[in-house]
Amino acid sequence: MHIALGCDHGGFPLKDRVASLVVAAGHTVVDCGTDSDCAVDYPDFARKVGEVIIAGRADRGILICGSGVGISVAANKIPGIRAGICHDYYSAHQGVEHDDMNVLCIGARIVGEAVAVELVQAFLGAQFTREERHVRRLGKVLQIEQDALAGKFATP
Ligand code: RB5
């Protein structure tokens with residue numbers, strides 16, 4: 001797979017380790033920055049990773065910020081992105097298997113390198129099961145997205 005990888009300064013300490021892990025697992029990294037620990041704004045990198053995925057230049061993404069929260073909130077604003085903040089092994093693979101999560105979000109100030117390695121490996125190794133109940137639930141998630149885009153949540 002092609003994996004879009006992005007982070008802010010809070011996530012930068014984990015970026016190189018995650019990138020090498022992706023490559024070691026036989027995948028390709030699409031580097032979406034940031035490239036140093038200078039302070040930047042996490043939405044910019046959530047946006048880059050999302051754009052790369054939606055454009056078909058990556059299959060999935062990994063986003064890292066300080067807590068994982070801001071960058072997951074930002075990524076989920078992009079239609080077609082299903083980002084999950086995962087700080088445990090189970091969620092990192094189950095999010096793909098049941099929810100078709102296509103972006104893994106990690107907080108570098110929350111988990112250390114060893115846990116991050118397990119999260120990335122779990123995420124990369126998982127596939128959406130396509131079981132009927134998960135397809136049905138995913139369809140409902142996508143319907144929420146379509147309704148929001150169509151303005152159905154707008155207040156009168
Ligand atoms: C940056 O200081 C920090 O706010 C950011 O990395 C992230 O934790 C936001 O959710």
# chains A, B, ... in the order shown; residues from 1 in each chain; ligands from 1
>>> residues_near_ligand(ligand="ligand 1", cutoff="6 Å", atoms="only C-alpha atoms and all ligand atoms", output="PyMOL selection string")
chain A and resi 8+10+65-71
>>> write_last_selection(atoms="all heavy atoms", output="short mmCIF file (atom, residue, chain, number, x, y, z; two decimals), in the first residue's frame")
data_model
loop_
_atom_site.label_atom_id
_atom_site.label_comp_id
_atom_site.auth_asym_id
_atom_site.auth_seq_id
_atom_site.Cartn_x
_atom_site.Cartn_y
_atom_site.Cartn_z
N ASP A 8 2.33 16.98 13.05
CA ASP A 8 2.75 18.34 13.42
C ASP A 8 4.00 18.22 14.28
O ASP A 8 4.60 17.13 14.39
CB ASP A 8 1.60 19.10 14.10
CG ASP A 8 1.29 18.59 15.51
OD1 ASP A 8 1.89 17.58 15.94
OD2 ASP A 8 0.45 19.22 16.19
N GLY A 10 4.24 18.22 17.41
CA GLY A 10 4.01 17.32 18.55
C GLY A 10 4.20 15.87 18.17
O GLY A 10 4.58 15.03 19.00
N CYS A 65 0.02 13.72 16.06
CA CYS A 65 0.19 15.02 16.71
C CYS A 65 0.52 14.77 18.17
O CYS A 65 0.95 13.66 18.53
CB CYS A 65 -1.01 15.93 16.50
SG CYS A 65 -2.53 15.49 17.37
N GLY A 66 0.36 15.76 19.01
CA GLY A 66 0.73 15.57 20.41
C GLY A 66 -0.18 14.59 21.11
O GLY A 66 0.27 13.61 21.72
N SER A 67 -1.48 14.83 21.00
CA SER A 67 -2.46 13.96 21.66
C SER A 67 -3.12 12.99 20.70
O SER A 67 -3.71 12.00 21.14
CB SER A 67 -3.55 14.83 22.29
OG SER A 67 -4.25 15.51 21.27
N GLY A 68 -3.10 13.30 19.42
CA GLY A 68 -3.84 12.54 18.42
C GLY A 68 -5.25 13.07 18.22
O GLY A 68 -5.92 12.72 17.25
N VAL A 69 -5.68 13.95 19.12
CA VAL A 69 -7.06 14.42 19.07
C VAL A 69 -7.28 15.43 17.95
O VAL A 69 -8.14 15.25 17.08
CB VAL A 69 -7.48 15.04 20.43
CG1 VAL A 69 -8.87 15.65 20.33
CG2 VAL A 69 -7.44 13.99 21.52
N GLY A 70 -6.50 16.52 17.99
CA GLY A 70 -6.73 17.58 17.01
C GLY A 70 -6.62 17.10 15.58
O GLY A 70 -7.47 17.41 14.72
N ILE A 71 -5.63 16.29 15.33
CA ILE A 71 -5.37 15.87 13.95
C ILE A 71 -6.44 14.87 13.48
O ILE A 71 -6.76 14.81 12.29
CB ILE A 71 -3.92 15.32 13.85
CG1 ILE A 71 -3.33 15.66 12.49
CG2 ILE A 71 -3.83 13.84 14.22
CD1 ILE A 71 -1.82 15.73 12.46
#
>>> residues_around(residues="A:Lys15", least_positions_apart="4", cutoff="12 Å", atoms="only C-alpha atoms", output="ChimeraX atom specification")
/A:4-11,19-22,29,31-37,62-66,105-108,113,116-117,120
>>> residues_around(residues="A:Gln127", least_positions_apart="4", cutoff="12 Å", atoms="only C-alpha atoms", output="list in words")
Met1, Asp59, Arg60, Ala92, His93, Gln94, Gly95, Val96, Glu97, His98, Asp99, Asp100, Met101, Asn102, Ala122, Phe123 and Glu131 of chain A
>>> write_last_selection(atoms="C-alpha atoms", output="PDB file, in the first residue's frame")
ATOM      1  CA  MET A   1       0.000   0.000   0.000  1.00  0.00           C
ATOM      2  CA  ASP A  59      -4.475   3.903   0.175  1.00  0.00           C
ATOM      3  CA  ARG A  60      -4.404   4.865   3.842  1.00  0.00           C
ATOM      4  CA  ALA A  92      -5.734  -0.160  15.749  1.00  0.00           C
ATOM      5  CA  HIS A  93      -6.751  -3.322  13.900  1.00  0.00           C
ATOM      6  CA  GLN A  94     -10.428  -3.527  14.856  1.00  0.00           C
ATOM      7  CA  GLY A  95     -10.973   0.013  13.556  1.00  0.00           C
ATOM      8  CA  VAL A  96      -9.989  -1.231  10.106  1.00  0.00           C
ATOM      9  CA  GLU A  97     -11.717  -4.616  10.362  1.00  0.00           C
ATOM     10  CA  HIS A  98     -15.096  -3.308  11.510  1.00  0.00           C
ATOM     11  CA  ASP A  99     -15.144   0.410  10.640  1.00  0.00           C
ATOM     12  CA  ASP A 100     -12.970   0.594   7.523  1.00  0.00           C
ATOM     13  CA  MET A 101     -10.806   3.212   9.273  1.00  0.00           C
ATOM     14  CA  ASN A 102      -8.464   4.588   6.647  1.00  0.00           C
ATOM     15  CA  ALA A 122      -1.779  -3.627  13.681  1.00  0.00           C
ATOM     16  CA  PHE A 123      -3.210  -0.945  11.388  1.00  0.00           C
ATOM     17  CA  GLU A 131     -19.131  -8.757   6.993  1.00  0.00           C
TER      18      GLU A 131
END
>>> closest_residue(among="A:Val40, A:Val30, A:Val103, A:Ile110", to="A:Ile78", atoms="only C-alpha atoms")
A:Val103
>>> closest_residue(among="A:Ile144, A:Leu138, A:Ala114, A:Ala83", to="A:Arg17", atoms="only C-alpha atoms")
A:Ala114
>>> atom_distance(atom1="atom CA of A:Ala126", atom2="atom CA of A:Tyr42")
26.1 Å
>>> select_by_dssp(residues="stretch 48-146 of chain A", states="helix (DSSP H, G or I)", output="ChimeraX atom specification")
/A:48-54,69-75,89-99,113-125,132-146
